[in-house]
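Peer 1: My structure is stored as upload.tsv, with TSV, N, CA, C and O atoms.
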chain	number	residue	atom	x	y	z
A	359	MET	N	70.30	-59.04	-74.77
A	359	MET	CA	68.94	-59.50	-74.81
A	359	MET	C	68.10	-58.68	-73.82
A	359	MET	O	68.49	-58.50	-72.68
A	360	LYS	N	66.96	-58.20	-74.26
A	360	LYS	CA	66.08	-57.40	-73.43
A	360	LYS	C	65.02	-58.31	-72.82
A	360	LYS	O	64.30	-59.01	-73.54
A	361	SER	N	64.92	-58.29	-71.48
A	361	SER	CA	63.97	-59.18	-70.82
A	361	SER	C	63.05	-58.41	-69.88
A	361	SER	O	63.36	-57.32	-69.41
A	362	LEU	N	61.90	-59.04	-69.62
A	362	LEU	CA	60.85	-58.46	-68.80
A	362	LEU	C	60.33	-59.52	-67.85
A	362	LEU	O	60.18	-60.68	-68.22
A	363	VAL	N	60.05	-59.13	-66.61
A	363	VAL	CA	59.40	-60.00	-65.65
A	363	VAL	C	58.03	-59.40	-65.35
A	363	VAL	O	57.93	-58.28	-64.85
A	364	LEU	N	56.97	-60.12	-65.73
A	364	LEU	CA	55.59	-59.75	-65.40
A	364	LEU	C	55.15	-60.69	-64.30
A	364	LEU	O	55.33	-61.90	-64.42
A	365	TYR	N	54.55	-60.16	-63.24
A	365	TYR	CA	54.15	-61.07	-62.17
A	365	TYR	C	52.90	-60.58	-61.46
A	365	TYR	O	52.58	-59.40	-61.43
A	366	PHE	N	52.17	-61.54	-60.90
A	366	PHE	CA	51.06	-61.27	-59.99
A	366	PHE	C	51.38	-62.01	-58.70
A	366	PHE	O	51.77	-63.18	-58.72
A	367	SER	N	51.24	-61.32	-57.59
A	367	SER	CA	51.54	-61.93	-56.30
A	367	SER	C	50.46	-61.55	-55.30
A	367	SER	O	50.28	-60.37	-55.00
A	368	ALA	N	49.75	-62.54	-54.79
A	368	ALA	CA	48.68	-62.28	-53.83
A	368	ALA	C	49.21	-62.18	-52.40
A	368	ALA	O	48.75	-61.37	-51.62
A	369	THR	N	50.19	-63.01	-52.07
A	369	THR	CA	50.69	-63.05	-50.69
A	369	THR	C	52.12	-62.52	-50.56
A	369	THR	O	52.59	-62.33	-49.45
A	370	GLY	N	52.80	-62.31	-51.67
A	370	GLY	CA	54.15	-61.76	-51.62
A	370	GLY	C	55.24	-62.74	-52.02
A	370	GLY	O	56.36	-62.33	-52.33
A	371	PHE	N	54.96	-64.03	-52.04
A	371	PHE	CA	55.99	-65.02	-52.39
A	371	PHE	C	56.40	-64.91	-53.85
A	371	PHE	O	57.58	-64.95	-54.18
A	372	THR	N	55.44	-64.78	-54.74
A	372	THR	CA	55.76	-64.66	-56.16
A	372	THR	C	56.55	-63.38	-56.42
A	372	THR	O	57.46	-63.35	-57.25
A	373	LYS	N	56.24	-62.32	-55.69
A	373	LYS	CA	56.96	-61.05	-55.84
A	373	LYS	C	58.43	-61.22	-55.49
A	373	LYS	O	59.31	-60.69	-56.19
A	374	ILE	N	58.72	-61.97	-54.44
A	374	ILE	CA	60.11	-62.22	-54.04
A	374	ILE	C	60.87	-62.92	-55.16
A	374	ILE	O	61.99	-62.52	-55.52
A	375	VAL	N	60.26	-63.95	-55.73
A	375	VAL	CA	60.91	-64.69	-56.83
A	375	VAL	C	61.06	-63.81	-58.05
A	375	VAL	O	62.11	-63.80	-58.70
A	376	ALA	N	60.02	-63.04	-58.38
A	376	ALA	CA	60.07	-62.15	-59.55
A	376	ALA	C	61.20	-61.13	-59.42
A	376	ALA	O	61.94	-60.88	-60.38
A	377	LYS	N	61.34	-60.55	-58.23
A	377	LYS	CA	62.41	-59.58	-58.01
A	377	LYS	C	63.79	-60.21	-58.17
A	377	LYS	O	64.71	-59.59	-58.72
A	378	GLU	N	63.94	-61.43	-57.71
A	378	GLU	CA	65.24	-62.11	-57.83
A	378	GLU	C	65.56	-62.43	-59.29
A	378	GLU	O	66.69	-62.25	-59.74
A	379	ILE	N	64.56	-62.89	-60.04
A	379	ILE	CA	64.78	-63.16	-61.47
A	379	ILE	C	65.17	-61.86	-62.18
A	379	ILE	O	66.12	-61.83	-62.96
A	380	ALA	N	64.44	-60.78	-61.89
A	380	ALA	CA	64.74	-59.49	-62.52
A	380	ALA	C	66.14	-59.02	-62.17
A	380	ALA	O	66.86	-58.50	-63.01
A	381	ARG	N	66.54	-59.21	-60.91
A	381	ARG	CA	67.88	-58.81	-60.48
A	381	ARG	C	68.95	-59.59	-61.22
A	381	ARG	O	69.89	-59.03	-61.78
A	382	GLN	N	68.78	-60.91	-61.27
A	382	GLN	CA	69.80	-61.75	-61.90
A	382	GLN	C	69.86	-61.56	-63.42
A	382	GLN	O	70.94	-61.67	-64.00
A	383	MET	N	68.73	-61.29	-64.03
A	383	MET	CA	68.68	-61.17	-65.49
A	383	MET	C	68.82	-59.73	-65.98
A	383	MET	O	68.94	-59.49	-67.17
A	384	GLY	N	68.78	-58.77	-65.05
A	384	GLY	CA	68.80	-57.36	-65.45
A	384	GLY	C	67.54	-56.96	-66.18
A	384	GLY	O	67.57	-56.13	-67.09
A	385	SER	N	66.43	-57.55	-65.78
A	385	SER	CA	65.15	-57.34	-66.46
A	385	SER	C	64.37	-56.17	-65.89
A	385	SER	O	64.49	-55.83	-64.71
A	386	LYS	N	63.54	-55.62	-66.72
A	386	LYS	CA	62.51	-54.69	-66.25
A	386	LYS	C	61.49	-55.56	-65.52
A	386	LYS	O	61.23	-56.70	-65.90
A	387	ILE	N	60.87	-55.03	-64.46
A	387	ILE	CA	59.89	-55.79	-63.71
A	387	ILE	C	58.60	-55.00	-63.62
A	387	ILE	O	58.61	-53.79	-63.38
A	388	VAL	N	57.46	-55.68	-63.86
A	388	VAL	CA	56.15	-55.03	-63.85
A	388	VAL	C	55.18	-55.94	-63.11
A	388	VAL	O	55.07	-57.13	-63.41
A	389	GLU	N	54.45	-55.36	-62.16
A	389	GLU	CA	53.46	-56.11	-61.41
A	389	GLU	C	52.12	-56.07	-62.13
A	389	GLU	O	51.68	-55.01	-62.60
A	390	ILE	N	51.45	-57.20	-62.21
A	390	ILE	CA	50.09	-57.30	-62.72
A	390	ILE	C	49.17	-57.07	-61.52
A	390	ILE	O	49.24	-57.81	-60.54
A	391	LYS	N	48.31	-56.04	-61.61
A	391	LYS	CA	47.46	-55.68	-60.47
A	391	LYS	C	45.99	-55.80	-60.83
A	391	LYS	O	45.56	-55.24	-61.84
A	392	PRO	N	45.22	-56.53	-60.01
A	392	PRO	CA	43.78	-56.60	-60.26
A	392	PRO	C	43.11	-55.28	-59.91
A	392	PRO	O	43.55	-54.56	-59.01
A	393	LEU	N	42.04	-54.93	-60.65
A	393	LEU	CA	41.32	-53.70	-60.34
A	393	LEU	C	40.74	-53.75	-58.93
A	393	LEU	O	40.72	-52.75	-58.23
A	394	GLU	N	40.26	-54.92	-58.54
A	394	GLU	CA	39.76	-55.12	-57.17
A	394	GLU	C	40.82	-55.90	-56.41
A	394	GLU	O	41.03	-57.08	-56.67
A	395	ALA	N	41.48	-55.22	-55.50
A	395	ALA	CA	42.59	-55.85	-54.76
A	395	ALA	C	42.10	-57.07	-53.97
A	395	ALA	O	40.96	-57.11	-53.52
A	396	TYR	N	42.99	-58.03	-53.84
A	396	TYR	CA	42.70	-59.21	-53.03
A	396	TYR	C	42.90	-58.88	-51.56
A	396	TYR	O	43.74	-58.06	-51.20
A	397	SER	N	42.13	-59.53	-50.72
A	397	SER	CA	42.21	-59.32	-49.28
A	397	SER	C	43.57	-59.75	-48.74
A	397	SER	O	44.20	-60.68	-49.26
A	398	LYS	N	44.03	-59.08	-47.71
A	398	LYS	CA	45.26	-59.49	-47.01
A	398	LYS	C	44.97	-60.63	-46.04
A	398	LYS	O	45.88	-61.30	-45.59
A	399	ASN	N	43.68	-60.84	-45.75
A	399	ASN	CA	43.27	-61.95	-44.89
A	399	ASN	C	43.32	-63.23	-45.70
A	399	ASN	O	42.65	-63.36	-46.73
A	400	TYR	N	44.12	-64.19	-45.26
A	400	TYR	CA	44.37	-65.40	-46.04
A	400	TYR	C	43.09	-66.17	-46.33
A	400	TYR	O	42.87	-66.64	-47.44
A	401	ARG	N	42.24	-66.31	-45.34
A	401	ARG	CA	41.00	-67.09	-45.54
A	401	ARG	C	40.11	-66.41	-46.58
A	401	ARG	O	39.57	-67.08	-47.47
A	402	ALA	N	39.97	-65.08	-46.51
A	402	ALA	CA	39.17	-64.35	-47.49
A	402	ALA	C	39.81	-64.43	-48.88
A	402	ALA	O	39.11	-64.58	-49.89
A	403	LEU	N	41.12	-64.36	-48.93
A	403	LEU	CA	41.86	-64.48	-50.19
A	403	LEU	C	41.59	-65.84	-50.84
A	403	LEU	O	41.28	-65.92	-52.03
A	404	MET	N	41.68	-66.90	-50.06
A	404	MET	CA	41.47	-68.23	-50.60
A	404	MET	C	40.02	-68.45	-51.02
A	404	MET	O	39.74	-69.08	-52.04
A	405	THR	N	39.09	-67.91	-50.25
A	405	THR	CA	37.67	-68.03	-50.62
A	405	THR	C	37.42	-67.38	-51.97
A	405	THR	O	36.77	-67.96	-52.85
A	406	ARG	N	37.95	-66.19	-52.16
A	406	ARG	CA	37.79	-65.51	-53.44
A	406	ARG	C	38.47	-66.31	-54.55
A	406	ARG	O	37.90	-66.50	-55.63
A	407	GLY	N	39.69	-66.77	-54.30
A	407	GLY	CA	40.41	-67.56	-55.31
A	407	GLY	C	39.66	-68.82	-55.70
A	407	GLY	O	39.55	-69.14	-56.89
A	408	ILE	N	39.13	-69.54	-54.73
A	408	ILE	CA	38.37	-70.76	-55.01
A	408	ILE	C	37.13	-70.45	-55.82
A	408	ILE	O	36.82	-71.14	-56.80
A	409	ASN	N	36.43	-69.37	-55.45
A	409	ASN	CA	35.23	-68.99	-56.21
A	409	ASN	C	35.58	-68.62	-57.65
A	409	ASN	O	34.87	-68.99	-58.59
A	410	GLU	N	36.68	-67.91	-57.85
A	410	GLU	CA	37.09	-67.54	-59.21
A	410	GLU	C	37.45	-68.76	-60.03
A	410	GLU	O	37.10	-68.86	-61.20
A	411	ILE	N	38.14	-69.71	-59.41
A	411	ILE	CA	38.51	-70.94	-60.12
A	411	ILE	C	37.25	-71.73	-60.49
A	411	ILE	O	37.09	-72.16	-61.63
A	412	ASN	N	36.36	-71.91	-59.52
A	412	ASN	CA	35.15	-72.70	-59.75
A	412	ASN	C	34.24	-72.07	-60.81
A	412	ASN	O	33.55	-72.78	-61.53
A	413	LYS	N	34.22	-70.75	-60.89
A	413	LYS	CA	33.37	-70.05	-61.86
A	413	LYS	C	34.12	-69.67	-63.13
A	413	LYS	O	33.57	-69.00	-64.00
A	414	ASP	N	35.40	-70.08	-63.23
A	414	ASP	CA	36.25	-69.78	-64.38
A	414	ASP	C	36.30	-68.27	-64.64
A	414	ASP	O	36.19	-67.80	-65.77
A	415	VAL	N	36.49	-67.51	-63.55
A	415	VAL	CA	36.53	-66.04	-63.61
A	415	VAL	C	37.97	-65.58	-63.76
A	415	VAL	O	38.87	-66.10	-63.10
A	416	ARG	N	38.17	-64.60	-64.61
A	416	ARG	CA	39.47	-63.94	-64.74
A	416	ARG	C	39.27	-62.49	-64.34
A	416	ARG	O	38.58	-61.73	-65.03
A	417	PRO	N	39.82	-62.08	-63.20
A	417	PRO	CA	39.59	-60.71	-62.73
A	417	PRO	C	40.15	-59.67	-63.69
A	417	PRO	O	41.16	-59.90	-64.36
A	418	ASP	N	39.49	-58.54	-63.75
A	418	ASP	CA	40.00	-57.42	-64.54
A	418	ASP	C	41.28	-56.92	-63.90
A	418	ASP	O	41.43	-56.92	-62.68
A	419	ILE	N	42.22	-56.50	-64.75
A	419	ILE	CA	43.50	-55.98	-64.26
A	419	ILE	C	43.73	-54.59	-64.82
A	419	ILE	O	43.11	-54.20	-65.81
A	420	TYR	N	44.60	-53.85	-64.14
A	420	TYR	CA	45.01	-52.55	-64.67
A	420	TYR	C	45.77	-52.76	-65.97
A	420	TYR	O	46.50	-53.74	-66.12
A	421	ASP	N	45.60	-51.83	-66.90
A	421	ASP	CA	46.32	-51.90	-68.17
A	421	ASP	C	47.82	-51.85	-67.93
A	421	ASP	O	48.30	-51.12	-67.06
A	422	ILE	N	48.54	-52.63	-68.69
A	422	ILE	CA	50.00	-52.60	-68.68
A	422	ILE	C	50.39	-51.89	-69.97
A	422	ILE	O	50.27	-52.46	-71.04
A	423	GLU	N	50.83	-50.67	-69.82
A	423	GLU	CA	51.10	-49.84	-71.00
A	423	GLU	C	52.53	-50.03	-71.47
A	423	GLU	O	53.43	-49.28	-71.09
A	424	MET	N	52.69	-51.07	-72.26
A	424	MET	CA	54.00	-51.36	-72.85
A	424	MET	C	53.79	-52.31	-74.01
A	424	MET	O	52.75	-52.95	-74.13
A	425	SER	N	54.77	-52.39	-74.83
A	425	SER	CA	54.72	-53.29	-75.97
A	425	SER	C	55.56	-54.53	-75.65
A	425	SER	O	56.77	-54.44	-75.50
A	426	LEU	N	54.90	-55.67	-75.57
A	426	LEU	CA	55.61	-56.91	-75.27
A	426	LEU	C	56.57	-57.29	-76.40
A	426	LEU	O	57.55	-58.00	-76.18
A	427	GLU	N	56.30	-56.79	-77.59
A	427	GLU	CA	57.17	-57.08	-78.74
A	427	GLU	C	58.56	-56.48	-78.57
A	427	GLU	O	59.49	-56.87	-79.27
A	428	ASP	N	58.71	-55.55	-77.63
A	428	ASP	CA	60.01	-54.92	-77.40
A	428	ASP	C	60.98	-55.82	-76.63
A	428	ASP	O	62.14	-55.45	-76.45
A	429	TYR	N	60.51	-56.96	-76.18
A	429	TYR	CA	61.33	-57.84	-75.33
A	429	TYR	C	61.64	-59.15	-76.02
A	429	TYR	O	60.81	-59.72	-76.73
A	430	ASP	N	62.87	-59.61	-75.80
A	430	ASP	CA	63.30	-60.89	-76.37
A	430	ASP	C	62.86	-62.06	-75.49
A	430	ASP	O	62.65	-63.16	-75.99
A	431	MET	N	62.77	-61.82	-74.20
A	431	MET	CA	62.40	-62.87	-73.25
A	431	MET	C	61.47	-62.28	-72.20
A	431	MET	O	61.73	-61.20	-71.67
A	432	ILE	N	60.36	-62.99	-71.92
A	432	ILE	CA	59.40	-62.53	-70.91
A	432	ILE	C	59.17	-63.65	-69.91
A	432	ILE	O	58.82	-64.77	-70.29
A	433	PHE	N	59.40	-63.35	-68.64
A	433	PHE	CA	59.11	-64.27	-67.56
A	433	PHE	C	57.75	-63.87	-66.98
A	433	PHE	O	57.50	-62.68	-66.75
A	434	ILE	N	56.88	-64.85	-66.73
A	434	ILE	CA	55.58	-64.57	-66.15
A	434	ILE	C	55.47	-65.34	-64.85
A	434	ILE	O	55.62	-66.56	-64.83
A	435	GLY	N	55.19	-64.62	-63.76
A	435	GLY	CA	55.07	-65.24	-62.46
A	435	GLY	C	53.66	-65.12	-61.92
A	435	GLY	O	53.04	-64.07	-62.01
A	436	SER	N	53.18	-66.23	-61.34
A	436	SER	CA	51.83	-66.26	-60.79
A	436	SER	C	51.77	-67.28	-59.66
A	436	SER	O	52.48	-68.29	-59.70
A	437	PRO	N	50.91	-67.04	-58.67
A	437	PRO	CA	50.73	-68.07	-57.65
A	437	PRO	C	50.07	-69.31	-58.25
A	437	PRO	O	49.41	-69.23	-59.28
A	438	ASN	N	50.22	-70.41	-57.59
A	438	ASN	CA	49.56	-71.66	-57.96
A	438	ASN	C	48.50	-71.93	-56.90
A	438	ASN	O	48.81	-72.33	-55.79
A	439	TRP	N	47.25	-71.66	-57.25
A	439	TRP	CA	46.15	-71.86	-56.32
A	439	TRP	C	45.40	-73.13	-56.69
A	439	TRP	O	44.92	-73.28	-57.80
A	440	LEU	N	45.34	-74.05	-55.75
A	440	LEU	CA	44.60	-75.31	-55.93
A	440	LEU	C	45.03	-76.01	-57.22
A	440	LEU	O	44.24	-76.48	-58.00
A	441	ASN	N	46.33	-76.05	-57.43
A	441	ASN	CA	46.95	-76.71	-58.58
A	441	ASN	C	46.54	-76.11	-59.92
A	441	ASN	O	46.45	-76.79	-60.93
A	442	THR	N	46.29	-74.81	-59.92
A	442	THR	CA	45.99	-74.11	-61.17
A	442	THR	C	46.60	-72.71	-61.09
A	442	THR	O	46.94	-72.22	-60.02
A	443	TYR	N	46.75	-72.07	-62.22
A	443	TYR	CA	47.33	-70.73	-62.27
A	443	TYR	C	46.27	-69.72	-62.61
A	443	TYR	O	45.38	-69.98	-63.36
As C-alpha cells, what does this structure read like?

Peer 2:
Amino acid sequence: MKSLVLYFSATGFTKIVAKEIARQMGSKIVEIKPLEAYSKNYRALMTRGINEINKDVRPDIYDIEMSLEDYDMIFIGSPNWLNTY
C-alpha cells in the first residue's frame, strides 16, 4: 500500500507526529507551506491564527506538485487552533 503524509505545522509539534507516522508507515512525507510564513513569535502566531479563523480566511499555500490519486492512504496533519483546524 502506498501512503502519503501531508502536514502543516506552525510550532513544530505536528511535524514531529507527521514524521513518526511517515516512519512507521513507510510513507512519503510532504509539508504544506503557506506563501506567507507564520511568525515564530507565539503571540504573533496566535493573533494571526485568531484573525484568520474569525474572518474565515484560508491562507495561500505553495503548490504541491503530485497526484494524490497515486496513493492508497493519505494522512493529513494540522494544528488545532481554538478548537478548529

Peer 1: So which one's closest to A:Leu362, A:Phe433, A:Ser397, A:Ile374, A:Lys391? Using all atoms listed in the file, please.

Peer 2: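 Looking only at the distances to A:Leu362, the closest residue turns out to be A:Phe433.
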
Peer 1: Interatomic distance between atom O of A:Asp430 and atom N of A:Val363?

Peer 2: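 Separation between atom O of A:Asp430 and atom N of A:Val363: 10.5 Å.
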
Peer 1: Can you pull out every residue from chain A that DSSP, working from the backbone, puts in strand (DSSP E), and format the result as a list in words?

Peer 2: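 Restricting chain A to strand (DSSP E) produces Ser361, Leu362, Val363, Leu364, Tyr365, Lys386, Ile387, Val388, Glu389, Met431, Ile432, Phe433, Ile434 and Gly435 of chain A.
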
Peer 1: Just give me the gap between atom CA of A:Tyr365 and atom CA of A:Glu427 in Å, one decimal is fine.

Peer 2: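 Going from atom CA of A:Tyr365 over to atom CA of A:Glu427, I get 17.3 Å.
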
Peer 1: With only C-alpha atoms counted, which protein, DNA or RNA residues have an atom no more than 9 Å from (45.0, -62.0, -50.8) in the file frame? Please answer as an NGL selection string.

Peer 2: :A and (367-369 or 395-404 or 406-407)

Peer 1: What lies within 6 Å of stretch 380-385 of chain A using all atoms listed in the file, ignoring chain neighbours under 2 positions off, as an mmCIF file with N, CA, C and O atoms, in the frame of the given file?

Peer 2:
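Below is the file out.cif, written as the result:
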data_model
loop_
_atom_site.group_PDB
_atom_site.id
_atom_site.type_symbol
_atom_site.label_atom_id
_atom_site.label_comp_id
_atom_site.auth_asym_id
_atom_site.auth_seq_id
_atom_site.Cartn_x
_atom_site.Cartn_y
_atom_site.Cartn_z
ATOM 1 N N MET A 359 70.300 -59.040 -74.770
ATOM 2 C CA MET A 359 68.940 -59.500 -74.810
ATOM 3 C C MET A 359 68.100 -58.680 -73.820
ATOM 4 O O MET A 359 68.490 -58.500 -72.680
ATOM 5 N N SER A 361 64.920 -58.290 -71.480
ATOM 6 C CA SER A 361 63.970 -59.180 -70.820
ATOM 7 C C SER A 361 63.050 -58.410 -69.880
ATOM 8 O O SER A 361 63.360 -57.320 -69.410
ATOM 9 N N LEU A 362 61.900 -59.040 -69.620
ATOM 10 C CA LEU A 362 60.850 -58.460 -68.800
ATOM 11 C C LEU A 362 60.330 -59.520 -67.850
ATOM 12 O O LEU A 362 60.180 -60.680 -68.220
ATOM 13 N N VAL A 363 60.050 -59.130 -66.610
ATOM 14 C CA VAL A 363 59.400 -60.000 -65.650
ATOM 15 C C VAL A 363 58.030 -59.400 -65.350
ATOM 16 O O VAL A 363 57.930 -58.280 -64.850
ATOM 17 N N VAL A 375 60.260 -63.950 -55.730
ATOM 18 C CA VAL A 375 60.910 -64.690 -56.830
ATOM 19 C C VAL A 375 61.060 -63.810 -58.050
ATOM 20 O O VAL A 375 62.110 -63.800 -58.700
ATOM 21 N N ALA A 376 60.020 -63.040 -58.380
ATOM 22 C CA ALA A 376 60.070 -62.150 -59.550
ATOM 23 C C ALA A 376 61.200 -61.130 -59.420
ATOM 24 O O ALA A 376 61.940 -60.880 -60.380
ATOM 25 N N LYS A 377 61.340 -60.550 -58.230
ATOM 26 C CA LYS A 377 62.410 -59.580 -58.010
ATOM 27 C C LYS A 377 63.790 -60.210 -58.170
ATOM 28 O O LYS A 377 64.710 -59.590 -58.720
ATOM 29 N N GLU A 378 63.940 -61.430 -57.710
ATOM 30 C CA GLU A 378 65.240 -62.110 -57.830
ATOM 31 C C GLU A 378 65.560 -62.430 -59.290
ATOM 32 O O GLU A 378 66.690 -62.250 -59.740
ATOM 33 N N ILE A 387 60.870 -55.030 -64.460
ATOM 34 C CA ILE A 387 59.890 -55.790 -63.710
ATOM 35 C C ILE A 387 58.600 -55.000 -63.620
ATOM 36 O O ILE A 387 58.610 -53.790 -63.380
#

Peer 1: Reconstruct stretch 386-395 of chain A at the level of all heavy atoms, and format the result as a PDB file, in the frame of the given file.

Peer 2:
ATOM      1  N   LYS A 386      63.540 -55.620 -66.720  1.00  0.00           N
ATOM      2  CA  LYS A 386      62.510 -54.690 -66.250  1.00  0.00           C
ATOM      3  C   LYS A 386      61.490 -55.560 -65.520  1.00  0.00           C
ATOM      4  O   LYS A 386      61.230 -56.700 -65.900  1.00  0.00           O
ATOM      5  CB  LYS A 386      61.868 -53.964 -67.428  1.00  0.00           C
ATOM      6  CG  LYS A 386      60.754 -53.030 -66.998  1.00  0.00           C
ATOM      7  CD  LYS A 386      60.211 -52.231 -68.155  1.00  0.00           C
ATOM      8  CE  LYS A 386      59.136 -51.287 -67.617  1.00  0.00           C
ATOM      9  NZ  LYS A 386      58.777 -50.285 -68.588  1.00  0.00           N
ATOM     10  N   ILE A 387      60.870 -55.030 -64.460  1.00  0.00           N
ATOM     11  CA  ILE A 387      59.890 -55.790 -63.710  1.00  0.00           C
ATOM     12  C   ILE A 387      58.600 -55.000 -63.620  1.00  0.00           C
ATOM     13  O   ILE A 387      58.610 -53.790 -63.380  1.00  0.00           O
ATOM     14  CB  ILE A 387      60.433 -56.176 -62.313  1.00  0.00           C
ATOM     15  CG1 ILE A 387      59.465 -57.097 -61.577  1.00  0.00           C
ATOM     16  CG2 ILE A 387      60.774 -54.949 -61.503  1.00  0.00           C
ATOM     17  CD1 ILE A 387      60.060 -57.751 -60.344  1.00  0.00           C
ATOM     18  N   VAL A 388      57.460 -55.680 -63.860  1.00  0.00           N
ATOM     19  CA  VAL A 388      56.150 -55.030 -63.850  1.00  0.00           C
ATOM     20  C   VAL A 388      55.180 -55.940 -63.110  1.00  0.00           C
ATOM     21  O   VAL A 388      55.070 -57.130 -63.410  1.00  0.00           O
ATOM     22  CB  VAL A 388      55.642 -54.765 -65.281  1.00  0.00           C
ATOM     23  CG1 VAL A 388      54.238 -54.196 -65.265  1.00  0.00           C
ATOM     24  CG2 VAL A 388      56.589 -53.840 -66.029  1.00  0.00           C
ATOM     25  N   GLU A 389      54.450 -55.360 -62.160  1.00  0.00           N
ATOM     26  CA  GLU A 389      53.460 -56.110 -61.410  1.00  0.00           C
ATOM     27  C   GLU A 389      52.120 -56.070 -62.130  1.00  0.00           C
ATOM     28  O   GLU A 389      51.680 -55.010 -62.600  1.00  0.00           O
ATOM     29  CB  GLU A 389      53.301 -55.528 -60.005  1.00  0.00           C
ATOM     30  CG  GLU A 389      52.312 -56.285 -59.147  1.00  0.00           C
ATOM     31  CD  GLU A 389      52.209 -55.746 -57.739  1.00  0.00           C
ATOM     32  OE1 GLU A 389      52.779 -54.685 -57.447  1.00  0.00           O
ATOM     33  OE2 GLU A 389      51.550 -56.405 -56.918  1.00  0.00           O
ATOM     34  N   ILE A 390      51.450 -57.200 -62.210  1.00  0.00           N
ATOM     35  CA  ILE A 390      50.090 -57.300 -62.720  1.00  0.00           C
ATOM     36  C   ILE A 390      49.170 -57.070 -61.520  1.00  0.00           C
ATOM     37  O   ILE A 390      49.240 -57.810 -60.540  1.00  0.00           O
ATOM     38  CB  ILE A 390      49.826 -58.682 -63.359  1.00  0.00           C
ATOM     39  CG1 ILE A 390      50.772 -58.895 -64.540  1.00  0.00           C
ATOM     40  CG2 ILE A 390      48.365 -58.811 -63.772  1.00  0.00           C
ATOM     41  CD1 ILE A 390      50.811 -60.324 -65.050  1.00  0.00           C
ATOM     42  N   LYS A 391      48.310 -56.040 -61.610  1.00  0.00           N
ATOM     43  CA  LYS A 391      47.460 -55.680 -60.470  1.00  0.00           C
ATOM     44  C   LYS A 391      45.990 -55.800 -60.830  1.00  0.00           C
ATOM     45  O   LYS A 391      45.560 -55.240 -61.840  1.00  0.00           O
ATOM     46  CB  LYS A 391      47.744 -54.252 -60.026  1.00  0.00           C
ATOM     47  CG  LYS A 391      49.148 -54.029 -59.511  1.00  0.00           C
ATOM     48  CD  LYS A 391      49.340 -52.588 -59.099  1.00  0.00           C
ATOM     49  CE  LYS A 391      50.760 -52.347 -58.650  1.00  0.00           C
ATOM     50  NZ  LYS A 391      50.978 -50.961 -58.239  1.00  0.00           N
ATOM     51  N   PRO A 392      45.220 -56.530 -60.010  1.00  0.00           N
ATOM     52  CA  PRO A 392      43.780 -56.600 -60.260  1.00  0.00           C
ATOM     53  C   PRO A 392      43.110 -55.280 -59.910  1.00  0.00           C
ATOM     54  O   PRO A 392      43.550 -54.560 -59.010  1.00  0.00           O
ATOM     55  CB  PRO A 392      43.310 -57.714 -59.322  1.00  0.00           C
ATOM     56  CG  PRO A 392      44.309 -57.725 -58.219  1.00  0.00           C
ATOM     57  CD  PRO A 392      45.615 -57.293 -58.830  1.00  0.00           C
ATOM     58  N   LEU A 393      42.040 -54.930 -60.650  1.00  0.00           N
ATOM     59  CA  LEU A 393      41.320 -53.700 -60.340  1.00  0.00           C
ATOM     60  C   LEU A 393      40.740 -53.750 -58.930  1.00  0.00           C
ATOM     61  O   LEU A 393      40.720 -52.750 -58.230  1.00  0.00           O
ATOM     62  CB  LEU A 393      40.194 -53.462 -61.360  1.00  0.00           C
ATOM     63  CG  LEU A 393      40.637 -53.126 -62.778  1.00  0.00           C
ATOM     64  CD1 LEU A 393      39.414 -52.930 -63.677  1.00  0.00           C
ATOM     65  CD2 LEU A 393      41.502 -51.879 -62.808  1.00  0.00           C
ATOM     66  N   GLU A 394      40.260 -54.920 -58.540  1.00  0.00           N
ATOM     67  CA  GLU A 394      39.760 -55.120 -57.170  1.00  0.00           C
ATOM     68  C   GLU A 394      40.820 -55.900 -56.410  1.00  0.00           C
ATOM     69  O   GLU A 394      41.030 -57.080 -56.670  1.00  0.00           O
ATOM     70  CB  GLU A 394      38.438 -55.887 -57.184  1.00  0.00           C
ATOM     71  CG  GLU A 394      37.858 -56.091 -55.813  1.00  0.00           C
ATOM     72  CD  GLU A 394      36.602 -56.949 -55.833  1.00  0.00           C
ATOM     73  OE1 GLU A 394      35.903 -56.981 -56.859  1.00  0.00           O
ATOM     74  OE2 GLU A 394      36.343 -57.602 -54.808  1.00  0.00           O
ATOM     75  N   ALA A 395      41.480 -55.220 -55.500  1.00  0.00           N
ATOM     76  CA  ALA A 395      42.590 -55.850 -54.760  1.00  0.00           C
ATOM     77  C   ALA A 395      42.100 -57.070 -53.970  1.00  0.00           C
ATOM     78  O   ALA A 395      40.960 -57.110 -53.520  1.00  0.00           O
ATOM     79  CB  ALA A 395      43.206 -54.834 -53.801  1.00  0.00           C
TER      80      ALA A 395
END
